[in-house]
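**Q** This is the content of input.pdb (PDB, C-alpha atoms and all ligand atoms):
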```pdb
ATOM      1  CA  MET A  15      42.430   0.830 -41.324
ATOM      2  CA  LEU A  16      45.975   1.668 -40.269
ATOM      3  CA  THR A  17      48.325   3.426 -42.686
ATOM      4  CA  LEU A  18      52.009   4.091 -42.181
ATOM      5  CA  SER A  19      53.688   6.356 -44.738
ATOM      6  CA  GLN A  20      57.411   6.950 -44.869
ATOM      7  CA  VAL A  21      57.855   6.218 -41.185
ATOM      8  CA  THR A  22      61.443   6.564 -39.994
ATOM      9  CA  LYS A  23      62.748   6.154 -36.468
ATOM     10  CA  ARG A  24      66.207   7.142 -35.407
ATOM     11  CA  TYR A  25      66.967   6.671 -31.698
ATOM     12  CA  PRO A  26      68.974   9.387 -29.921
ATOM     13  CA  THR A  27      71.860   6.915 -29.827
ATOM     14  CA  GLY A  28      72.029   7.243 -33.618
ATOM     15  CA  ASP A  29      70.600   3.782 -34.323
ATOM     16  CA  ARG A  30      68.292   4.012 -37.289
ATOM     17  CA  ALA A  31      65.657   1.448 -36.329
ATOM     18  CA  LEU A  32      63.127   2.059 -39.139
ATOM     19  CA  THR A  33      63.602   3.549 -42.596
ATOM     20  CA  ASP A  34      60.744   4.811 -44.805
ATOM     21  CA  ILE A  35      58.171   2.227 -43.765
ATOM     22  CA  ASP A  36      55.030   2.177 -45.944
ATOM     23  CA  LEU A  37      52.337  -0.190 -44.735
ATOM     24  CA  THR A  38      48.548  -0.382 -44.925
ATOM     25  CA  LEU A  39      46.602  -2.725 -42.686
ATOM     26  CA  PRO A  40      42.911  -3.095 -43.602
ATOM     27  CA  ALA A  41      40.341  -3.682 -40.856
ATOM     28  CA  GLY A  42      40.142  -7.345 -39.940
ATOM     29  CA  GLN A  43      43.533  -8.305 -41.339
ATOM     30  CA  VAL A  44      45.996 -10.225 -39.173
ATOM     31  CA  MET A  45      49.553  -9.431 -40.168
ATOM     32  CA  ALA A  46      52.595 -11.179 -38.750
ATOM     33  CA  LEU A  47      55.740  -9.094 -38.624
ATOM     34  CA  ILE A  48      58.832 -11.256 -38.746
ATOM     35  CA  GLY A  49      62.539 -10.502 -38.912
ATOM     36  CA  PRO A  50      65.775 -11.012 -37.022
ATOM     37  CA  SER A  51      66.425  -9.618 -33.588
ATOM     38  CA  GLY A  52      67.032  -5.882 -33.822
ATOM     39  CA  ALA A  53      65.222  -5.550 -37.181
ATOM     40  CA  GLY A  54      62.824  -2.984 -35.711
ATOM     41  CA  LYS A  55      59.645  -5.017 -35.078
ATOM     42  CA  SER A  56      59.012  -3.696 -31.560
ATOM     43  CA  THR A  57      59.972  -0.190 -32.641
ATOM     44  CA  LEU A  58      57.363  -0.350 -35.402
ATOM     45  CA  ILE A  59      54.450  -1.308 -33.177
ATOM     46  CA  ARG A  60      55.579   1.142 -30.487
ATOM     47  CA  CYS A  61      55.634   3.953 -33.030
ATOM     48  CA  VAL A  62      52.000   3.134 -33.809
ATOM     49  CA  ASN A  63      50.868   3.572 -30.201
ATOM     50  CA  ARG A  64      53.460   6.305 -29.639
ATOM     51  CA  LEU A  65      55.334   4.585 -26.831
ATOM     52  CA  VAL A  66      58.167   5.470 -29.206
ATOM     53  CA  GLU A  67      58.092   8.777 -31.114
ATOM     54  CA  PRO A  68      58.669   8.302 -34.832
ATOM     55  CA  THR A  69      61.333  10.675 -36.163
ATOM     56  CA  SER A  70      59.356  11.383 -39.338
ATOM     57  CA  GLY A  71      56.484  10.087 -41.403
ATOM     58  CA  SER A  72      52.745   9.695 -40.975
ATOM     59  CA  ILE A  73      50.699   7.087 -39.088
ATOM     60  CA  ARG A  74      46.924   7.187 -39.509
ATOM     61  CA  LEU A  75      44.313   5.091 -37.740
ATOM     62  CA  GLY A  76      41.024   5.669 -39.528
ATOM     63  CA  ASP A  77      40.854   9.439 -39.961
ATOM     64  CA  THR A  78      43.221  10.246 -37.112
ATOM     65  CA  GLU A  79      46.833  11.254 -37.699
ATOM     66  CA  LEU A  80      48.440   9.625 -34.674
ATOM     67  CA  THR A  81      51.818  11.347 -34.880
ATOM     68  CA  ARG A  82      50.344  14.781 -34.083
ATOM     69  CA  LEU A  83      48.308  13.828 -31.014
ATOM     70  CA  SER A  84      49.111  14.719 -27.440
ATOM     71  CA  GLY A  85      47.465  14.686 -24.020
ATOM     72  CA  ARG A  86      43.828  13.660 -23.884
ATOM     73  CA  GLU A  87      43.572  13.002 -27.627
ATOM     74  CA  LEU A  88      46.565  10.694 -27.534
ATOM     75  CA  ARG A  89      45.088   8.779 -24.592
ATOM     76  CA  ARG A  90      41.827   8.385 -26.471
ATOM     77  CA  ALA A  91      43.624   7.139 -29.590
ATOM     78  CA  ARG A  92      45.638   4.666 -27.521
ATOM     79  CA  ARG A  93      42.438   3.144 -26.187
ATOM     80  CA  ALA A  94      41.595   2.235 -29.772
ATOM     81  CA  MET A  95      44.731   0.077 -29.819
ATOM     82  CA  GLY A  96      44.892  -3.017 -27.630
ATOM     83  CA  MET A  97      48.443  -3.977 -26.676
ATOM     84  CA  ILE A  98      49.409  -7.549 -25.856
ATOM     85  CA  PHE A  99      52.969  -8.165 -24.706
ATOM     86  CA  GLN A 100      55.215 -11.160 -24.239
ATOM     87  CA  GLU A 101      55.655 -10.451 -20.535
ATOM     88  CA  TYR A 102      51.871 -10.283 -20.097
ATOM     89  CA  ALA A 103      52.345  -7.113 -18.010
ATOM     90  CA  LEU A 104      49.759  -8.113 -15.419
ATOM     91  CA  VAL A 105      49.655  -6.775 -11.873
ATOM     92  CA  ASP A 106      50.628  -9.875  -9.868
ATOM     93  CA  ARG A 107      48.863  -9.045  -6.615
ATOM     94  CA  LEU A 108      45.533  -8.272  -8.333
ATOM     95  CA  THR A 109      42.976 -10.874  -9.333
ATOM     96  CA  VAL A 110      42.305 -11.939 -12.888
ATOM     97  CA  MET A 111      39.097  -9.883 -12.910
ATOM     98  CA  GLU A 112      40.845  -6.774 -11.601
ATOM     99  CA  ASN A 113      43.569  -7.143 -14.200
ATOM    100  CA  VAL A 114      41.019  -7.373 -16.992
ATOM    101  CA  LEU A 115      39.084  -4.387 -15.656
ATOM    102  CA  SER A 116      42.262  -2.346 -15.623
ATOM    103  CA  GLY A 117      41.822  -2.353 -19.419
ATOM    104  CA  ARG A 118      39.166   0.274 -18.715
ATOM    105  CA  LEU A 119      41.434   2.458 -16.543
ATOM    106  CA  GLY A 120      41.459   5.229 -19.103
ATOM    107  CA  GLN A 121      37.688   5.266 -19.361
ATOM    108  CA  VAL A 122      36.672   5.118 -15.704
ATOM    109  CA  GLY A 123      39.111   7.698 -14.400
ATOM    110  CA  PHE A 124      41.883   7.370 -11.874
ATOM    111  CA  TRP A 125      39.927   7.638  -8.615
ATOM    112  CA  ARG A 126      37.190   5.208  -9.525
ATOM    113  CA  SER A 127      39.732   2.639 -10.624
ATOM    114  CA  PHE A 128      41.866   3.334  -7.554
ATOM    115  CA  LEU A 129      38.845   2.558  -5.412
ATOM    116  CA  ARG A 130      38.224  -0.433  -7.678
ATOM    117  CA  ARG A 131      34.756   0.702  -8.620
ATOM    118  CA  TYR A 132      33.973  -0.130 -12.175
ATOM    119  CA  PRO A 133      30.755   0.444 -14.100
ATOM    120  CA  ALA A 134      28.450  -2.591 -14.127
ATOM    121  CA  ASP A 135      28.605  -2.895 -17.916
ATOM    122  CA  ALA A 136      32.411  -3.156 -17.740
ATOM    123  CA  VAL A 137      32.152  -5.952 -15.176
ATOM    124  CA  THR A 138      29.568  -7.821 -17.280
ATOM    125  CA  GLU A 139      31.735  -7.476 -20.370
ATOM    126  CA  ALA A 140      34.833  -8.631 -18.428
ATOM    127  CA  PHE A 141      32.966 -11.780 -17.336
ATOM    128  CA  ARG A 142      31.961 -12.413 -20.922
ATOM    129  CA  LEU A 143      35.510 -11.932 -22.195
ATOM    130  CA  LEU A 144      37.033 -14.176 -19.532
ATOM    131  CA  GLU A 145      34.610 -16.861 -20.585
ATOM    132  CA  ARG A 146      35.507 -16.300 -24.229
ATOM    133  CA  VAL A 147      39.262 -16.623 -23.616
ATOM    134  CA  GLY A 148      38.694 -19.813 -21.628
ATOM    135  CA  LEU A 149      39.192 -18.576 -18.059
ATOM    136  CA  PRO A 150      35.716 -18.512 -16.498
ATOM    137  CA  HIS A 151      36.942 -20.357 -13.400
ATOM    138  CA  ALA A 152      39.994 -18.212 -12.709
ATOM    139  CA  ILE A 153      38.239 -14.891 -12.102
ATOM    140  CA  ASP A 154      39.202 -14.607  -8.424
ATOM    141  CA  LYS A 155      42.680 -16.058  -8.729
ATOM    142  CA  ARG A 156      45.639 -13.781  -8.209
ATOM    143  CA  ALA A 157      47.526 -13.151 -11.426
ATOM    144  CA  ASP A 158      50.748 -14.573  -9.965
ATOM    145  CA  ALA A 159      49.026 -17.955  -9.485
ATOM    146  CA  LEU A 160      48.490 -18.422 -13.236
ATOM    147  CA  SER A 161      50.526 -20.254 -15.863
ATOM    148  CA  GLY A 162      52.093 -18.335 -18.746
ATOM    149  CA  GLY A 163      49.327 -19.350 -21.139
ATOM    150  CA  GLN A 164      46.620 -18.308 -18.670
ATOM    151  CA  ARG A 165      48.353 -14.983 -18.096
ATOM    152  CA  GLN A 166      48.430 -14.381 -21.818
ATOM    153  CA  ARG A 167      44.665 -15.072 -21.977
ATOM    154  CA  VAL A 168      44.122 -12.465 -19.268
ATOM    155  CA  GLY A 169      46.256 -10.027 -21.283
ATOM    156  CA  ILE A 170      44.089 -10.680 -24.338
ATOM    157  CA  ALA A 171      40.839 -10.185 -22.387
ATOM    158  CA  ARG A 172      42.198  -6.946 -20.927
ATOM    159  CA  ALA A 173      43.161  -5.619 -24.364
ATOM    160  CA  LEU A 174      39.695  -6.465 -25.718
ATOM    161  CA  LEU A 175      37.852  -4.794 -22.851
ATOM    162  CA  GLN A 176      39.046  -1.497 -24.325
ATOM    163  CA  ASP A 177      36.982  -2.411 -27.403
ATOM    164  CA  PRO A 178      39.942  -1.539 -29.638
ATOM    165  CA  GLN A 179      39.981  -1.124 -33.431
ATOM    166  CA  LEU A 180      43.422  -2.639 -33.678
ATOM    167  CA  LEU A 181      45.600  -5.101 -31.754
ATOM    168  CA  LEU A 182      49.343  -4.570 -31.398
ATOM    169  CA  VAL A 183      50.940  -7.778 -30.255
ATOM    170  CA  ASP A 184      54.631  -8.147 -29.385
ATOM    171  CA  GLU A 185      55.867 -11.747 -29.251
ATOM    172  CA  PRO A 186      52.776 -13.239 -27.606
ATOM    173  CA  THR A 187      54.179 -16.768 -27.550
ATOM    174  CA  ALA A 188      57.849 -16.198 -26.771
ATOM    175  CA  SER A 189      57.779 -17.936 -23.390
ATOM    176  CA  LEU A 190      55.060 -20.509 -24.073
ATOM    177  CA  ASP A 191      55.295 -24.190 -24.999
ATOM    178  CA  PRO A 192      54.455 -25.139 -28.613
ATOM    179  CA  LYS A 193      50.886 -26.285 -27.946
ATOM    180  CA  THR A 194      49.995 -23.291 -25.768
ATOM    181  CA  SER A 195      51.582 -21.023 -28.391
ATOM    182  CA  ARG A 196      49.275 -22.410 -31.062
ATOM    183  CA  GLN A 197      46.247 -22.070 -28.791
ATOM    184  CA  ILE A 198      47.081 -18.438 -28.070
ATOM    185  CA  MET A 199      47.648 -17.629 -31.746
ATOM    186  CA  ARG A 200      44.413 -19.389 -32.680
ATOM    187  CA  LEU A 201      42.533 -17.420 -30.040
ATOM    188  CA  ILE A 202      43.914 -14.089 -31.284
ATOM    189  CA  ARG A 203      43.085 -15.108 -34.859
ATOM    190  CA  GLU A 204      39.487 -16.052 -33.962
ATOM    191  CA  LEU A 205      38.894 -12.905 -31.927
ATOM    192  CA  CYS A 206      40.161 -10.736 -34.791
ATOM    193  CA  ALA A 207      37.728 -12.475 -37.153
ATOM    194  CA  GLU A 208      34.804 -12.173 -34.713
ATOM    195  CA  ARG A 209      35.379  -8.454 -34.155
ATOM    196  CA  GLU A 210      36.837  -7.468 -37.528
ATOM    197  CA  LEU A 211      39.956  -6.351 -35.732
ATOM    198  CA  GLY A 212      43.207  -5.711 -37.503
ATOM    199  CA  ALA A 213      46.349  -6.973 -35.785
ATOM    200  CA  ILE A 214      50.089  -6.613 -36.106
ATOM    201  CA  ILE A 215      51.769  -9.555 -34.411
ATOM    202  CA  ASN A 216      55.548  -9.541 -33.935
ATOM    203  CA  ILE A 217      56.659 -13.108 -33.861
ATOM    204  CA  HIS A 218      59.889 -15.089 -34.230
ATOM    205  CA  ASP A 219      58.169 -18.383 -34.969
ATOM    206  CA  VAL A 220      57.809 -18.453 -38.752
ATOM    207  CA  ALA A 221      55.656 -21.593 -38.740
ATOM    208  CA  LEU A 222      53.120 -19.973 -36.397
ATOM    209  CA  ALA A 223      53.127 -16.823 -38.521
ATOM    210  CA  ARG A 224      52.442 -18.886 -41.630
ATOM    211  CA  GLN A 225      49.681 -20.841 -39.988
ATOM    212  CA  PHE A 226      47.719 -18.051 -38.327
ATOM    213  CA  ALA A 227      48.347 -14.824 -40.267
ATOM    214  CA  ASP A 228      46.588 -13.528 -43.404
ATOM    215  CA  ARG A 229      49.711 -11.693 -44.384
ATOM    216  CA  ILE A 230      53.397 -11.680 -43.465
ATOM    217  CA  ALA A 231      55.726  -8.701 -43.547
ATOM    218  CA  GLY A 232      59.448  -9.293 -43.208
ATOM    219  CA  LEU A 233      61.617  -6.609 -41.687
ATOM    220  CA  ARG A 234      65.364  -6.532 -42.047
ATOM    221  CA  ALA A 235      67.526  -3.749 -40.610
ATOM    222  CA  GLY A 236      64.558  -1.395 -40.415
ATOM    223  CA  GLU A 237      63.223  -1.965 -43.928
ATOM    224  CA  ILE A 238      60.379  -4.092 -45.233
ATOM    225  CA  VAL A 239      61.964  -6.666 -47.518
ATOM    226  CA  PHE A 240      58.923  -8.934 -47.931
ATOM    227  CA  ASP A 241      55.185  -8.316 -47.780
ATOM    228  CA  GLY A 242      52.794 -10.956 -48.993
ATOM    229  CA  ARG A 243      50.632 -13.998 -48.430
ATOM    230  CA  PRO A 244      52.039 -16.669 -46.100
ATOM    231  CA  GLU A 245      52.268 -19.120 -49.038
ATOM    232  CA  ALA A 246      54.632 -16.751 -50.817
ATOM    233  CA  LEU A 247      57.201 -16.979 -48.039
ATOM    234  CA  ASP A 248      59.691 -19.416 -49.526
ATOM    235  CA  ALA A 249      63.302 -20.292 -48.762
ATOM    236  CA  GLU A 250      64.588 -17.436 -50.904
ATOM    237  CA  THR A 251      62.496 -14.834 -49.081
ATOM    238  CA  LEU A 252      63.493 -16.257 -45.710
ATOM    239  CA  THR A 253      67.106 -15.801 -46.764
ATOM    240  CA  THR A 254      66.361 -12.208 -47.750
ATOM    241  CA  ILE A 255      64.843 -11.587 -44.322
ATOM    242  CA  TYR A 256      67.104 -13.582 -42.025
ATOM    243  CA  GLY A 257      70.220 -14.299 -44.067
ATOM    244  CA  GLU A 258      71.649 -17.500 -45.477
ATOM    245  CA  GLU A 259      70.391 -20.769 -43.955
ATOM    246  CA  ASN A 260      69.224 -24.196 -45.038
ATOM    247  CA  TRP A 261      65.478 -23.555 -44.908
ATOM    248  CA  GLY A 262      64.464 -27.042 -46.015
ATOM    249  CA  GLU A 263      64.265 -30.090 -43.768
ATOM    250  CA  GLU A 264      67.307 -30.245 -41.527
ATOM    251  CA  GLU A 265      69.460 -33.288 -42.058
ATOM    252  CA  TRP A 266      71.024 -34.682 -38.919
ATOM    253  CA  ASP A 267      74.029 -36.915 -38.817
ATOM    254  CA  THR A 268      74.395 -39.788 -36.366
ATOM    255  CA  GLN A 269      76.034 -37.540 -33.759
ATOM    256  CA  GLY A 270      72.785 -35.577 -33.679
ATOM    257  CA  GLN A 271      74.331 -32.454 -35.125
ATOM    258  CA  ALA A 272      72.777 -30.406 -37.879
ATOM    259  CA  ALA A 273      74.649 -30.964 -41.123
ATOM    260  CA  ASP A 274      75.126 -27.254 -41.627
ATOM    261  CA  GLU A 275      75.524 -26.205 -37.996
ATOM    262  CA  ALA A 276      78.123 -23.577 -38.860
ATOM    263  CA  SER A 277      75.798 -21.501 -41.012
ATOM    264  CA  SER A 278      72.778 -21.693 -38.719
ATOM    265  CA  SER A 279      74.104 -19.743 -35.764
ATOM    266  CA  SER A 280      72.715 -16.363 -36.809
ATOM    267  CA  VAL A 281      69.105 -17.535 -36.843
ATOM    268  CA  GLU A 282      66.678 -17.213 -33.961
ATOM    269  CA  PRO A 283      66.352 -20.568 -32.164
ATOM    270  CA  ALA A 284      62.561 -20.525 -32.335
ATOM    271  CA  THR A 285      62.664 -19.973 -36.080
ATOM    272  CA  ARG A 286      65.083 -22.805 -36.589
ATOM    273  CA  LEU A 287      63.115 -25.187 -34.430
ATOM    274  CA  SER A 288      59.770 -24.446 -36.008
ATOM    275  CA  LEU A 289      61.126 -24.785 -39.509
ATOM    276  CA  ALA A 290      62.908 -27.977 -38.653
ATOM    277  CA  THR A 291      59.727 -29.429 -37.214
ATOM    278  CA  GLY A 292      57.971 -28.866 -40.484
ATOM    279  CA  GLY A 293      56.229 -25.577 -40.056
ATOM    280  CA  ALA A 294      54.289 -24.833 -43.193
ATOM    281  CA  SER A 295      51.298 -26.954 -42.188
TER
HETATM  282  N1  LIG B   1      65.316   2.610 -26.560
HETATM  283  C1  LIG B   1      66.241   2.443 -27.515
HETATM  284  N2  LIG B   1      67.300   3.251 -27.627
HETATM  285  C2  LIG B   1      68.223   3.094 -28.598
HETATM  286  N3  LIG B   1      68.175   2.147 -29.539
HETATM  287  C3  LIG B   1      67.139   1.280 -29.477
HETATM  288  C4  LIG B   1      66.120   1.383 -28.462
HETATM  289  N4  LIG B   1      65.213   0.389 -28.665
HETATM  290  C5  LIG B   1      65.647  -0.292 -29.761
HETATM  291  N5  LIG B   1      66.811   0.240 -30.230
HETATM  292  C6  LIG B   1      67.555  -0.219 -31.421
HETATM  293  O1  LIG B   1      66.670  -0.194 -32.537
HETATM  294  C7  LIG B   1      66.850  -1.353 -33.331
HETATM  295  C8  LIG B   1      65.522  -2.110 -33.447
HETATM  296  O2  LIG B   1      65.173  -2.657 -32.176
HETATM  297  P1  LIG B   1      63.798  -3.396 -31.892
HETATM  298  O3  LIG B   1      63.720  -3.649 -30.447
HETATM  299  O4  LIG B   1      62.698  -2.634 -32.523
HETATM  300  O5  LIG B   1      64.028  -4.760 -32.695
HETATM  301  P2  LIG B   1      63.143  -6.091 -32.703
HETATM  302  O6  LIG B   1      62.971  -6.453 -34.141
HETATM  303  O7  LIG B   1      61.909  -5.897 -31.903
HETATM  304  O8  LIG B   1      64.112  -7.137 -32.015
HETATM  305  P3  LIG B   1      63.745  -8.439 -31.114
HETATM  306  O9  LIG B   1      63.312  -9.486 -32.087
HETATM  307  O10 LIG B   1      65.031  -8.783 -30.462
HETATM  308  O11 LIG B   1      62.672  -8.048 -30.148
HETATM  309  C9  LIG B   1      67.976  -2.137 -32.703
HETATM  310  O12 LIG B   1      69.177  -1.769 -33.345
HETATM  311  C10 LIG B   1      67.993  -1.659 -31.270
HETATM  312  O13 LIG B   1      69.265  -1.740 -30.727
HETATM  313 MG    MG B   2      61.144  -6.824 -30.200
END
```
Is it possible to give me this structure as structure tokens?
Ligand SMILES: Nc1ncnc2c1ncn2[C@@H]1O[C@H](COP(=O)(O)OP(=O)(O)OP(=O)(O)O)[C@@H](O)[C@H]1O
Ligand SMILES: [Mg+2]

**A**
Amino acid sequence: MLTLSQVTKRYPTGDRALTDIDLTLPAGQVMALIGPSGAGKSTLIRCVNRLVEPTSGSIRLGDTELTRLSGRELRRARRAMGMIFQEYALVDRLTVMENVLSGRLGQVGFWRSFLRRYPADAVTEAFRLLERVGLPHAIDKRADALSGGQRQRVGIARALLQDPQLLLVDEPTASLDPKTSRQIMRLIRELCAERELGAIINIHDVALARQFADRIAGLRAGEIVFDGRPEALDAETLTTIYGEENWGEEEWDTQGQAADEASSSSVEPATRLSLATGGAS
């Protein structure tokens, strides 16, 4: 269980990115975090793994107060949190297998991993995970020879090799086509269920969030303005989160322009597209 209490982040530049965030994520729950660009989604998940230092407030994972940790204890706590990024963050010149095994870097120590010697149980588990994420044939391929969707699968396998208690996922589908995006979200969803893993998934695509999350939190200007079941996310709440927009079916005139083009410019393209294509399935 992850608990954030009164978490505030103010960057040195003066930008207040998060204000008094209270949030509890039970084990096994998949939560999508939505909100406009700059709302603070990445800041929130980075405060959890302390890539960003929260200015004040408390963040607990199980019994551990994360905000007070440093050094070895912080590294140990970070291993309990698997990170999956949009940019996949793989090492291009290494193979798929080596990239997955690097998820154990913290556990095997610098020299062993530098010499690329990993414990046999880690290698066995990496094989198993690569099979599970659908890449059993790509083990020896270099990471730079993979498609975006395949790279994301490697990123997922690497995060899971840490045997985390929690997944922190920042825009996992931002550069993927619609079908691959759904496959990746489905995979994350299934793995969370199999392992009773909680997840916070930052995502711009509201339809994907609705389809694959147990819960949706909406962030606007650093504050949570919606927190509920996906079914409860209606046009009014979307307006609260993103601002005014026609959230129903878009009507197009014969010139192929949206009827209310003028008011739609402030919305993320992915959000607009997925809503227009009839997201709430
Ligand atoms: N390193 C930083 N230094 C100063 N300000 C920052 C830094 N990172 C983010 N911010 C500011 O904090 C606010 C929240 O940014 P954040 O990246 O968390 O938003 P986001 O919701 O993830 O946006 P996006 O959807 O575009 O990824 C923004 O106003 C941003 O400009
Ligand atoms: Mg972000």

**Q** Using all atoms listed in the file for the distances, tell me which of A:Val183, A:Leu16, A:Ala173, A:Ala46 is nearest to Val220 in chain A.

**A** A:Ala46

**Q** Let me make sure I understand: among A:Leu247, A:Ala235, A:Ile214, A:Val110, which one has the smallest atom-to-atom distance to ligand LIG 1 (chain B) if we use only C-alpha atoms and all ligand atoms?

**A** A:Ala235

**Q** Can you tell me which residues sit at most 9 Å away from ligand LIG 1 (chain B), counting all atoms listed in the file, written as number ranges by chain?

**A** A: 23-32, 47-60, 66, 184-185, 216-218, 233-236, 282

**Q** Can you list, as a list in words, the residues that the PyMOL selection byres (((chain A and resi 70) around 6) and not hetatm) selects here?

**A**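 Going through the file, the PyMOL selection byres (((chain A and resi 70) around 6) and not hetatm) ends up selecting Val21, Thr22, Pro68, Thr69 and Gly71 of chain A.
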
**Q** Between CA of Leu201 in chain A and CA of Ala171 in chain A, what distance in Å does the model show, to one decimal?

**A**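 Answer for the CA of Leu201 in chain A to CA of Ala171 in chain A separation: 10.7 Å.
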
**Q** Can you tell me which residues surround Gln20 in chain A at a distance of at most 9 Å, considering all atoms listed in the file, apart from same-chain residues fewer than 4 positions away, and format the answer as a VMD selection string?

**A** chain A and resid 33 to 37 70 to 73

**Q** With distances taken over only C-alpha atoms and all ligand atoms, which residue among A:Arg146, A:Glu237, A:Ala41, A:Gln100 lies nearest ligand MG 2 (chain B)?

**A**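 The answer is A:Gln100, which sits nearest to ligand MG 2 (chain B).
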
**Q** Which residues, named as in the file, does the PyMOL selection byres (((chain A and resi 83) around 12) and not hetatm) pick out? Answer as number ranges by chain.

**A** A: 62-64, 67, 72-75, 78-82, 84-92

**Q** How would you write, as a ChimeraX atom specification, the residues chosen by the PyMOL selection byres (((chain A and resi 151-163) around 9) and not hetatm) on this structure?

**A** /A:101-102,104-113,141,144-145,148-150,164-168,187,189-191,194-195,197-198

**Q** Of the candidates A:Ala188, A:Leu39, A:Glu250, A:Leu115, which shows the shortest atom-to-atom distance to ligand MG 2 (chain B), using all atoms listed in the file?

**A** A:Ala188

**Q** Using Å and a single decimal, report how far CA of Leu143 in chain A sits from CA of Arg229 in chain A.

**A**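 CA of Leu143 in chain A lies at a distance of 26.3 Å from CA of Arg229 in chain A.
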
**Q** Ranking A:Ile255, A:Val239, A:Leu181, A:Val44 by minimum distance to Gln225 in chain A and counting all atoms listed in the file, which one comes first?

**A**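 Closest to Gln225 in chain A of all the choices is A:Val44.
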